[in-house]
$ cat start_32.csv   # CSV, C-alpha atoms
chain,number,residue,atom,x,y,z
A,1,MET,CA,110.8,89.3,39.1
A,2,SER,CA,110.1,89.7,35.3
A,3,ARG,CA,107.9,92.4,33.9
A,4,PRO,CA,104.4,90.9,33.7
A,5,ILE,CA,103.6,91.6,30.0
A,6,GLN,CA,103.4,88.7,27.7
A,7,ALA,CA,101.7,87.6,24.4
A,8,ARG,CA,100.0,84.2,24.4
A,9,ILE,CA,99.6,82.4,21.0
A,10,ASP,CA,96.8,79.9,20.9
A,11,LEU,CA,97.8,77.3,18.3
A,12,SER,CA,94.4,75.6,18.4
A,13,ALA,CA,92.8,78.9,17.4
A,14,LEU,CA,95.1,79.0,14.3
A,15,GLN,CA,94.0,75.5,13.4
A,16,ASN,CA,90.4,76.4,14.0
A,17,ASN,CA,90.7,79.4,11.7
A,18,LEU,CA,92.3,77.3,9.0
A,19,ARG,CA,89.2,75.0,9.2
A,20,VAL,CA,87.0,78.0,8.7
A,21,VAL,CA,88.9,78.8,5.5
A,22,ARG,CA,88.5,75.2,4.4
A,23,ARG,CA,84.8,75.2,5.0
A,24,ALA,CA,84.4,78.5,3.1
A,25,ALA,CA,86.4,77.5,0.0
A,26,SER,CA,87.1,74.3,-1.7
A,27,SER,CA,90.3,75.8,-3.2
A,28,ARG,CA,93.9,75.1,-2.2
A,29,ILE,CA,95.0,77.4,0.6
A,30,MET,CA,98.0,79.7,0.4
A,31,ALA,CA,98.3,80.7,4.0
A,32,VAL,CA,99.9,84.2,4.3
A,33,ILE,CA,102.6,84.2,6.9
A,34,LYS,CA,104.5,87.3,5.9
A,35,ALA,CA,105.8,89.7,8.6
A,36,ASN,CA,106.7,86.9,11.0
A,37,ALA,CA,103.2,85.5,10.5
A,38,TYR,CA,101.6,88.9,11.4
A,39,GLY,CA,103.7,88.9,14.6
A,40,HIS,CA,102.7,85.4,15.7
A,41,GLY,CA,106.0,83.6,14.8
A,42,LEU,CA,106.9,82.2,11.4
A,43,LEU,CA,107.8,78.6,12.2
A,44,ARG,CA,105.2,78.4,15.0
A,45,ALA,CA,102.4,79.5,12.7
A,46,ALA,CA,103.6,77.3,9.8
A,47,GLU,CA,103.6,74.2,12.1
A,48,ALA,CA,100.0,75.0,13.3
A,49,LEU,CA,98.9,75.6,9.7
A,50,ALA,CA,100.6,72.6,8.3
A,51,GLU,CA,97.5,71.4,6.6
A,52,ALA,CA,97.6,74.4,4.2
A,53,GLU,CA,98.8,73.6,0.7
A,54,GLY,CA,101.1,76.6,0.6
A,55,PHE,CA,102.6,79.5,2.5
A,56,ALA,CA,103.1,83.0,1.2
A,57,MET,CA,105.8,85.4,2.5
A,58,LEU,CA,108.2,88.1,1.4
A,59,ASP,CA,111.7,87.2,2.4
A,60,VAL,CA,113.6,84.4,0.7
A,61,ARG,CA,115.4,83.7,3.9
A,62,ASP,CA,112.1,82.8,5.6
A,63,ALA,CA,111.2,80.5,2.7
A,64,VAL,CA,114.6,78.7,3.0
A,65,ALA,CA,114.1,78.4,6.7
A,66,LEU,CA,110.7,76.7,6.1
A,67,ARG,CA,112.2,74.3,3.5
A,68,GLU,CA,115.1,73.4,5.9
A,69,ALA,CA,112.6,72.8,8.6
A,70,GLY,CA,111.0,70.2,6.4
A,71,PHE,CA,107.9,72.0,4.9
A,72,ARG,CA,107.2,70.6,1.5
A,73,GLN,CA,104.2,72.9,0.6
A,74,THR,CA,104.3,75.4,-2.2
A,75,LEU,CA,106.3,78.4,-0.8
A,76,LEU,CA,105.5,81.7,-2.6
A,77,LEU,CA,107.5,84.9,-2.5
A,78,LEU,CA,104.8,87.6,-2.8
A,79,GLU,CA,107.1,90.3,-4.1
A,80,GLY,CA,109.2,87.8,-6.1
A,81,PHE,CA,112.9,88.0,-6.5
A,82,PHE,CA,114.8,91.3,-6.2
A,83,LYS,CA,118.2,90.4,-7.7
A,84,ALA,CA,119.2,87.9,-10.4
A,85,ASP,CA,121.5,86.1,-8.0
A,86,GLU,CA,118.5,84.9,-6.0
A,87,LEU,CA,117.2,82.8,-8.9
A,88,PRO,CA,119.5,79.8,-8.3
A,89,LEU,CA,118.4,79.8,-4.6
A,90,LEU,CA,114.7,79.8,-5.7
A,91,ALA,CA,115.5,76.8,-8.0
A,92,GLU,CA,117.5,74.9,-5.4
A,93,TYR,CA,114.8,75.2,-2.7
A,94,GLU,CA,111.8,74.9,-5.2
A,95,LEU,CA,110.4,78.3,-4.3
A,96,ALA,CA,107.6,79.9,-6.3
A,97,SER,CA,107.9,83.5,-7.2
A,98,VAL,CA,105.5,86.3,-8.1
A,99,ILE,CA,106.5,88.0,-11.4
A,100,HIS,CA,105.2,91.6,-11.5
A,101,SER,CA,107.7,93.7,-13.4
A,102,PRO,CA,109.7,94.0,-16.7
A,103,GLN,CA,112.9,94.1,-14.6
A,104,GLN,CA,112.1,90.6,-13.2
A,105,LEU,CA,111.5,89.3,-16.7
A,106,ALA,CA,114.9,90.6,-17.8
A,107,MET,CA,116.5,88.8,-14.9
A,108,LEU,CA,114.7,85.7,-15.7
A,109,ASP,CA,115.9,85.8,-19.3
A,110,ALA,CA,119.5,85.6,-18.0
A,111,PHE,CA,118.8,82.5,-15.9
A,112,PRO,CA,120.1,79.3,-17.6
A,113,ARG,CA,118.2,76.6,-15.8
A,114,ARG,CA,115.4,74.9,-17.7
A,115,ASN,CA,112.0,74.2,-16.2
A,116,ALA,CA,113.2,75.5,-12.9
A,117,LEU,CA,110.6,77.8,-11.6
A,118,GLN,CA,106.9,78.1,-10.8
A,119,VAL,CA,105.9,81.7,-11.4
A,120,TRP,CA,102.8,83.6,-10.3
A,121,LEU,CA,102.1,86.2,-12.9
A,122,LYS,CA,100.5,89.2,-11.2
A,123,VAL,CA,98.0,91.3,-13.1
A,124,ASN,CA,97.3,94.9,-12.0
A,125,THR,CA,93.5,95.1,-12.2
A,126,GLY,CA,93.2,98.3,-10.2
A,127,MET,CA,95.2,98.1,-7.1
A,128,ASN,CA,98.1,99.9,-8.8
A,129,ARG,CA,100.9,98.6,-6.6
A,130,LEU,CA,102.5,95.6,-8.3
A,131,GLY,CA,101.6,93.8,-11.5
A,132,PHE,CA,101.5,94.1,-15.2
A,133,THR,CA,98.8,96.3,-16.7
A,134,PRO,CA,96.1,94.9,-18.9
A,135,GLU,CA,97.9,96.3,-21.9
A,136,GLN,CA,101.2,94.6,-21.0
A,137,PHE,CA,99.6,91.3,-20.0
A,138,PRO,CA,99.2,89.5,-23.4
A,139,ALA,CA,102.8,89.9,-24.4
A,140,VAL,CA,104.1,88.9,-20.9
A,141,MET,CA,101.8,85.9,-20.9
A,142,GLU,CA,103.1,84.7,-24.2
A,143,LYS,CA,106.7,85.3,-23.2
A,144,LEU,CA,106.3,83.3,-20.0
A,145,LYS,CA,104.5,80.4,-21.8
A,146,ARG,CA,107.5,79.9,-24.0
A,147,HIS,CA,110.2,80.7,-21.4
A,148,PRO,CA,112.7,77.9,-20.9
A,149,ALA,CA,113.1,78.6,-17.2
A,150,VAL,CA,109.4,78.5,-16.4
A,151,ARG,CA,107.9,75.2,-15.3
A,152,GLU,CA,104.4,76.4,-14.4
A,153,ILE,CA,102.3,79.6,-14.4
A,154,VAL,CA,99.7,80.7,-11.9
A,155,LEU,CA,97.7,83.8,-12.7
A,156,MET,CA,96.9,86.2,-9.8
A,157,THR,CA,95.7,89.6,-8.9
A,158,HIS,CA,94.9,91.5,-5.6
A,159,PHE,CA,91.6,93.2,-4.7
A,160,ALA,CA,91.7,96.8,-3.4
A,161,HIS,CA,88.1,96.9,-2.1
A,162,ALA,CA,87.0,93.4,-1.1
A,163,ASP,CA,86.4,94.6,2.5
A,164,GLU,CA,84.4,97.7,1.4
A,165,PRO,CA,81.0,98.4,-0.2
A,166,GLU,CA,82.6,98.9,-3.6
A,167,GLY,CA,83.5,95.2,-3.7
A,168,ILE,CA,85.4,93.3,-6.4
A,169,ALA,CA,83.1,93.3,-9.5
A,170,GLU,CA,85.1,95.7,-11.6
A,171,GLN,CA,88.5,94.1,-10.9
A,172,LEU,CA,87.1,90.5,-11.2
A,173,GLU,CA,85.6,91.3,-14.6
A,174,ARG,CA,88.9,92.9,-15.8
A,175,PHE,CA,90.9,89.9,-14.6
A,176,ARG,CA,88.5,87.4,-16.2
A,177,GLY,CA,88.5,89.3,-19.5
A,178,LEU,CA,92.3,89.0,-19.6
A,179,THR,CA,92.8,85.5,-18.4
A,180,ASP,CA,89.7,83.4,-19.4
A,181,ALA,CA,91.4,82.2,-22.6
A,182,TYR,CA,94.2,80.5,-20.6
A,183,ARG,CA,93.8,77.1,-18.9
A,184,MET,CA,96.0,77.9,-15.9
A,185,PRO,CA,95.4,78.0,-12.1
A,186,ARG,CA,94.4,81.3,-10.6
A,187,SER,CA,94.6,83.0,-7.2
A,188,LEU,CA,92.5,86.1,-6.4
A,189,ALA,CA,90.8,85.9,-3.0
A,190,ASN,CA,92.2,87.5,0.1
A,191,SER,CA,90.4,87.0,3.5
A,192,ALA,CA,87.7,89.5,2.7
A,193,ALA,CA,87.0,88.1,-0.8
A,194,LEU,CA,87.2,84.5,0.5
A,195,LEU,CA,84.4,85.2,3.1
A,196,ARG,CA,82.2,87.5,1.0
A,197,TYR,CA,82.7,86.6,-2.7
A,198,PRO,CA,82.7,82.8,-3.5
A,199,SER,CA,83.0,83.6,-7.2
A,200,SER,CA,86.5,84.8,-6.6
A,201,HIS,CA,87.8,81.6,-5.0
A,202,SER,CA,89.4,79.8,-8.0
A,203,GLU,CA,92.2,77.3,-7.6
A,204,TRP,CA,94.1,79.1,-4.8
A,205,VAL,CA,92.8,81.4,-2.0
A,206,ARG,CA,95.2,83.5,0.0
A,207,PRO,CA,93.9,84.0,3.6
A,208,GLY,CA,95.8,86.3,5.8
A,209,ILE,CA,94.2,88.3,8.6
A,210,MET,CA,91.4,85.8,9.2
A,211,LEU,CA,93.9,83.0,10.0
A,212,TYR,CA,94.9,85.1,13.0
A,213,GLY,CA,91.4,85.5,14.3
A,214,ALA,CA,90.6,89.0,13.2
A,215,SER,CA,87.8,90.2,10.9
A,216,PRO,CA,88.7,91.9,7.6
A,217,PHE,CA,85.5,93.9,7.7
A,218,ALA,CA,84.9,97.1,9.7
A,219,GLY,CA,81.8,96.6,11.9
A,220,THR,CA,81.7,92.8,11.6
A,221,GLY,CA,83.3,90.8,14.4
A,222,ALA,CA,85.5,87.8,13.7
A,223,GLN,CA,83.4,85.6,15.9
A,224,GLN,CA,80.5,85.9,13.4
A,225,PHE,CA,82.6,83.8,11.0
A,226,GLY,CA,83.6,81.3,13.7
A,227,LEU,CA,87.1,82.7,14.0
A,228,ARG,CA,89.0,82.7,17.3
A,229,PRO,CA,91.7,85.2,18.4
A,230,VAL,CA,95.2,83.7,18.2
A,231,MET,CA,97.2,86.4,20.0
A,232,THR,CA,96.2,87.6,23.4
A,233,LEU,CA,98.4,90.4,24.9
A,234,ASN,CA,98.3,90.3,28.7
A,235,SER,CA,99.8,92.4,31.5
A,236,GLU,CA,99.1,93.4,35.0
A,237,ILE,CA,98.4,96.5,37.1
A,238,ILE,CA,101.6,97.8,38.7
A,239,SER,CA,100.2,100.8,40.5
A,240,VAL,CA,96.9,102.1,41.8
A,241,ARG,CA,96.1,105.7,42.9
A,242,GLU,CA,93.2,108.0,43.8
A,243,LEU,CA,92.6,111.2,41.8
A,244,LYS,CA,90.8,114.3,42.8
A,245,ALA,CA,88.6,116.4,40.4
A,246,GLY,CA,91.0,118.4,38.3
A,247,ASP,CA,94.0,116.0,38.5
A,248,ARG,CA,95.6,115.2,35.2
A,249,VAL,CA,97.1,112.0,34.0
A,250,GLY,CA,100.2,111.3,31.9
A,251,TYR,CA,102.3,113.3,29.5
A,252,ALA,CA,100.7,116.6,28.5
A,253,GLY,CA,98.0,115.9,31.0
A,254,LEU,CA,95.6,114.9,28.2
A,255,PHE,CA,93.1,113.4,30.6
A,256,CYS,CA,91.7,115.5,33.4
A,257,ALA,CA,89.5,113.9,36.1
A,258,ASP,CA,86.1,115.5,36.4
A,259,ARG,CA,85.5,113.9,39.8
A,260,ALA,CA,87.3,111.9,42.4
A,261,MET,CA,88.2,108.6,40.8
A,262,ARG,CA,90.5,105.5,41.1
A,263,ILE,CA,93.0,104.7,38.3
A,264,ALA,CA,95.8,102.2,37.6
A,265,THR,CA,99.0,102.0,35.7
A,266,VAL,CA,99.6,99.0,33.5
A,267,ALA,CA,102.9,97.6,32.4
A,268,CYS,CA,102.4,98.1,28.7
A,269,GLY,CA,103.4,100.9,26.3
A,270,TYR,CA,104.3,101.8,22.8
A,271,ALA,CA,107.7,100.1,23.1
A,272,ASP,CA,105.8,96.9,23.5
A,273,GLY,CA,103.8,97.6,20.4
A,274,TYR,CA,100.7,99.2,21.9
A,275,PRO,CA,99.6,102.1,19.7
A,276,ARG,CA,100.8,105.4,21.2
A,277,HIS,CA,98.0,107.2,19.4
A,278,ALA,CA,95.3,105.2,21.2
A,279,PRO,CA,93.1,107.9,22.8
A,280,THR,CA,91.3,108.0,26.1
A,281,GLY,CA,88.4,105.5,25.9
A,282,THR,CA,90.3,102.7,24.1
A,283,PRO,CA,88.8,99.5,25.5
A,284,ILE,CA,90.8,97.3,27.8
A,285,LEU,CA,90.0,94.5,30.2
A,286,VAL,CA,90.9,94.5,33.9
A,287,ASN,CA,90.0,91.4,36.0
A,288,GLY,CA,88.0,90.4,32.9
A,289,GLN,CA,85.9,93.6,33.1
A,290,ARG,CA,85.8,96.1,30.3
A,291,THR,CA,87.0,99.6,31.1
A,292,ARG,CA,89.0,102.3,29.2
A,293,THR,CA,92.4,103.7,28.9
A,294,LEU,CA,93.1,107.3,30.1
A,295,GLY,CA,95.5,109.9,28.7
A,296,ARG,CA,98.5,109.4,26.5
A,297,VAL,CA,100.2,106.0,26.2
A,298,SER,CA,103.8,106.1,27.4
A,299,MET,CA,106.8,104.1,26.2
A,300,ASP,CA,106.4,101.5,29.0
A,301,MET,CA,103.1,102.2,30.7
A,302,LEU,CA,99.5,103.2,30.2
A,303,SER,CA,96.7,104.3,32.5
A,304,VAL,CA,93.3,102.8,33.0
A,305,ASP,CA,90.0,103.8,34.6
A,306,LEU,CA,89.1,101.6,37.7
A,307,SER,CA,85.8,103.4,38.4
A,308,GLU,CA,83.8,100.3,37.5
A,309,VAL,CA,86.4,97.7,38.6
A,310,ALA,CA,86.2,98.0,42.3
A,311,ASP,CA,88.2,94.8,43.0
A,312,ALA,CA,91.2,95.7,41.0
A,313,VAL,CA,94.6,95.9,42.9
A,314,VAL,CA,98.3,95.8,42.1
A,315,GLY,CA,98.8,92.5,40.3
A,316,SER,CA,95.3,92.3,38.8
A,317,PRO,CA,95.4,90.8,35.2
A,318,VAL,CA,94.9,93.1,32.2
A,319,THR,CA,94.1,92.1,28.6
A,320,LEU,CA,95.2,94.6,26.0
A,321,TRP,CA,93.6,92.6,23.2
A,322,GLY,CA,92.8,89.0,22.3
A,323,GLU,CA,90.6,86.6,24.3
A,324,GLY,CA,87.6,88.5,25.5
A,325,LEU,CA,88.6,91.7,23.7
A,326,PRO,CA,88.8,91.6,19.9
A,327,VAL,CA,91.9,93.2,18.5
A,328,GLU,CA,89.9,94.9,15.8
A,329,GLU,CA,87.9,96.8,18.6
A,330,VAL,CA,91.2,98.2,20.0
A,331,ALA,CA,92.4,99.0,16.5
A,332,THR,CA,89.3,100.9,15.6
A,333,ALA,CA,89.4,102.9,18.8
A,334,ALA,CA,93.1,103.8,18.0
A,335,GLY,CA,92.3,104.7,14.4
A,336,THR,CA,94.2,101.9,12.8
A,337,ILE,CA,93.7,98.2,11.8
A,338,SER,CA,94.3,94.9,13.6
A,339,TYR,CA,97.1,94.0,11.2
A,340,GLU,CA,99.2,96.9,12.5
A,341,LEU,CA,98.7,96.0,16.1
A,342,MET,CA,99.7,92.4,15.8
A,343,CYS,CA,102.6,93.1,13.5
A,344,ALA,CA,103.9,95.8,15.8
A,345,LEU,CA,104.4,93.5,18.8
A,346,THR,CA,108.0,94.1,19.8
A,347,ALA,CA,110.8,91.7,20.5
A,348,ARG,CA,110.9,92.6,24.2
A,349,VAL,CA,107.5,91.1,24.8
A,350,PRO,CA,107.8,87.4,25.9
A,351,VAL,CA,105.7,85.1,23.8
A,352,THR,CA,104.3,81.8,24.9
A,353,ALA,CA,102.5,79.3,22.6
A,354,ALA,CA,100.2,76.4,23.4
$ encode --input "start_32.csv" --output "structure tokens"
Amino acid sequence: MSRPIQARIDLSALQNNLRVVRRAASSRIMAVIKANAYGHGLLRAAEALAEAEGFAMLDVRDAVALREAGFRQTLLLLEGFFKADELPLLAEYELASVIHSPQQLAMLDAFPRRNALQVWLKVNTGMNRLGFTPEQFPAVMEKLKRHPAVREIVLMTHFAHADEPEGIAEQLERFRGLTDAYRMPRSLANSAALLRYPSSHSEWVRPGIMLYGASPFAGTGAQQFGLRPVMTLNSEIISVRELKAGDRVGYAGLFCADRAMRIATVACGYADGYPRHAPTGTPILVNGQRTRTLGRVSMDMLSVDLSEVADAVVGSPVTLWGEGLPVEEVATAAGTISYELMCALTARVPVTAA
């Protein structure tokens, strides 16, 4: 008998969430499917999101796989190319590339193909990760406008605080001050900006986390935007036992029973992608009823409180996150974000999709 843990991917929820994006913005949609579509499966997600006008990812191999699978949308490499010998591949497969560094410009100068590439020129407006500074931008812009290898330019930036009270005003003003003189398409809005700041939508929006049914905002649930969870991580109880007051649970005995109580062991641990640092009290569903985890998460197992789930037995279903238990609630309890939980799902967890 196989271990009972599995992740279920609801493809109709992906399609629903894309419709939410479409209602929120009249822009073209660059669906972000990096990191194996946030753990949901690259090709699986792309097929469900086929109505998007583009897909954004990191690895050129993923982009080539999509092209060879028949996807004709704009395919964007979010970190661009890393070596000059990748440029012929980008041209052959018609892949768009972010340009964010002088080193990439130098590699582009050595590429002989004319009108071969669509480039997305990234401006650093305050995130301070990738992108040309405002001081560098004018010269880079003029260079790319005249560059023989460049067929089209899209202007882009990335917001650092779109999901926080600080918002986007300062970065948006800086971006507009630099780019308003150019009649070129733009891309600014991530999920948070897409939902909260319509002024940032421009020609392309870049939804990521919202496509997978999680909210980009702390304290605001995804359901408030009409989003549905795509990944549900399920398992089962594999052991039930009674504790006496003073009994401890798990490694280091981090949980100590203050009364007689009933607990269970669930087939799920950090080697499946569940966060080891999730503390006692992290929400979990048993038989559809909300309860809490107890003690330290092990490699293959975790413990749950059955005090309020009287009908639970070995084999009872458990939901770690997803349908009925938003992933962002689990992430908040564990001191992390929903992105990390979904991306951390490990290869040993069977995945079903429907």
$ closest_residue --input "start_32.csv" --among "A:Phe82, A:Phe132, A:Tyr270, A:Trp120" --to "Glu152 (chain A)" --atoms "all atoms listed in the file"
A:Trp120
$ residues_around --input "start_32.csv" --residues "Leu194 (chain A)" --least-positions-apart "3" --cutoff "10 Å" --atoms "only C-alpha atoms" --output "ChimeraX atom specification"
/A:21,24-25,27,162,188-191,197-202,205-207,210
$ closest_residue --input "start_32.csv" --among "A:Pro317, A:Gly273, A:Gly131, A:Gly213" --to "Ile9 (chain A)" --atoms "all atoms listed in the file"
A:Gly213
$ residues_around --input "start_32.csv" --residues "region 276-278 of chain A" --least-positions-apart "2" --cutoff "12 Å" --atoms "only C-alpha atoms" --output "ChimeraX atom specification"
/A:251,254,268-274,280-284,292-303,320,329-337,341,344
$ closest_residue --input "start_32.csv" --among "A:Pro102, A:Leu178, A:Arg262, A:Ala192" --to "Gly208 (chain A)" --atoms "only C-alpha atoms"
A:Ala192
$ atom_distance --input "start_32.csv" --atom1 "CA of Asp311 (chain A)" --atom2 "CA of Gln289 (chain A)"
10.2 Å
$ closest_residue --input "start_32.csv" --among "A:Val266, A:Ile99, A:Ala353, A:Leu90" --to "Ala48 (chain A)" --atoms "all atoms listed in the file"
A:Ala353
$ residues_around --input "start_32.csv" --residues "Ala257 (chain A)" --least-positions-apart "6" --cutoff "7 Å" --atoms "only C-alpha atoms" --output "ChimeraX atom specification"
/A:244-248
$ atom_distance --input "start_32.csv" --atom1 "CA of Met127 (chain A)" --atom2 "CA of Gln224 (chain A)"
28.0 Å
$ closest_residue --input "start_32.csv" --among "A:Val20, A:Leu87, A:Val98, A:Leu105" --to "Ala56 (chain A)" --atoms "all atoms listed in the file"
A:Val98
$ residues_around --input "start_32.csv" --residues "Asp59 (chain A)" --least-positions-apart "3" --cutoff "12 Å" --atoms "only C-alpha atoms" --output "ChimeraX atom specification"
/A:33-37,42,55-56,62-66,75-82,86,90,95,97
$ atom_distance --input "start_32.csv" --atom1 "CA of Arg129 (chain A)" --atom2 "CA of Arg28 (chain A)"
24.9 Å
$ residues_around --input "start_32.csv" --residues "Thr352 (chain A)" --least-positions-apart "2" --cutoff "9 Å" --atoms "only C-alpha atoms" --output "MDAnalysis selection string"
chainID A and resid 6:10 350 354
$ closest_residue --input "start_32.csv" --among "A:Val351, A:Val60, A:Val249, A:Val327" --to "Ala218 (chain A)" --atoms "only C-alpha atoms"
A:Val327
$ residues_near_point --input "start_32.csv" --point "(87.6, 96.3, 31.7)" --cutoff "9 Å" --atoms "only C-alpha atoms" --output "PyMOL selection string"
chain A and resi 283-292+304-306+308-309+318-319
$ residues_near_point --input "start_32.csv" --point "(118.2, 89.0, -15.4)" --cutoff "12 Å" --atoms "all atoms listed in the file" --output "NGL selection string"
:A and (81-88 or 101-112 or 149)
$ build_atoms --input "start_32.csv" --residues "region 280-288 of chain A" --atoms "all heavy atoms" --output "short mmCIF file (atom, residue, chain, number, x, y, z; two decimals), keeping the file's coordinate frame"
data_model
loop_
_atom_site.label_atom_id
_atom_site.label_comp_id
_atom_site.auth_asym_id
_atom_site.auth_seq_id
_atom_site.Cartn_x
_atom_site.Cartn_y
_atom_site.Cartn_z
N THR A 280 92.14 108.31 24.98
CA THR A 280 91.30 108.00 26.10
C THR A 280 90.01 107.33 25.64
O THR A 280 89.40 107.77 24.66
CB THR A 280 90.93 109.30 26.88
OG1 THR A 280 92.11 109.81 27.52
CG2 THR A 280 89.85 109.06 27.94
N GLY A 281 89.65 106.26 26.31
CA GLY A 281 88.40 105.50 25.90
C GLY A 281 88.69 104.26 25.17
O GLY A 281 87.75 103.50 24.89
N THR A 282 89.95 103.98 24.78
CA THR A 282 90.30 102.70 24.10
C THR A 282 89.93 101.57 25.04
O THR A 282 90.32 101.58 26.20
CB THR A 282 91.74 102.68 23.70
OG1 THR A 282 92.00 103.77 22.80
CG2 THR A 282 92.09 101.38 23.02
N PRO A 283 89.18 100.56 24.57
CA PRO A 283 88.80 99.50 25.50
C PRO A 283 89.92 98.64 25.97
O PRO A 283 90.90 98.41 25.25
CB PRO A 283 87.79 98.67 24.63
CG PRO A 283 88.18 98.96 23.22
CD PRO A 283 88.66 100.37 23.20
N ILE A 284 89.77 98.14 27.19
CA ILE A 284 90.80 97.30 27.80
C ILE A 284 90.06 96.49 28.90
O ILE A 284 89.01 96.91 29.40
CB ILE A 284 91.90 98.20 28.43
CG1 ILE A 284 93.13 97.40 28.80
CG2 ILE A 284 91.39 99.03 29.59
CD1 ILE A 284 94.37 98.27 29.09
N LEU A 285 90.57 95.31 29.22
CA LEU A 285 90.00 94.50 30.20
C LEU A 285 90.85 94.45 31.49
O LEU A 285 92.07 94.24 31.39
CB LEU A 285 89.80 93.03 29.75
CG LEU A 285 88.92 92.75 28.53
CD1 LEU A 285 88.87 91.26 28.27
CD2 LEU A 285 87.53 93.32 28.72
N VAL A 286 90.23 94.66 32.64
CA VAL A 286 90.90 94.50 33.90
C VAL A 286 90.07 93.54 34.75
O VAL A 286 88.86 93.72 34.92
CB VAL A 286 91.01 95.86 34.67
CG1 VAL A 286 91.64 95.66 36.05
CG2 VAL A 286 91.84 96.86 33.85
N ASN A 287 90.73 92.48 35.26
CA ASN A 287 90.00 91.40 36.00
C ASN A 287 88.82 90.90 35.11
O ASN A 287 87.76 90.55 35.63
CB ASN A 287 89.45 91.91 37.31
CG ASN A 287 90.51 91.87 38.39
OD1 ASN A 287 91.59 91.30 38.20
ND2 ASN A 287 90.23 92.48 39.52
N GLY A 288 89.02 90.88 33.79
CA GLY A 288 88.00 90.40 32.90
C GLY A 288 86.84 91.36 32.66
O GLY A 288 85.89 91.04 31.94
#
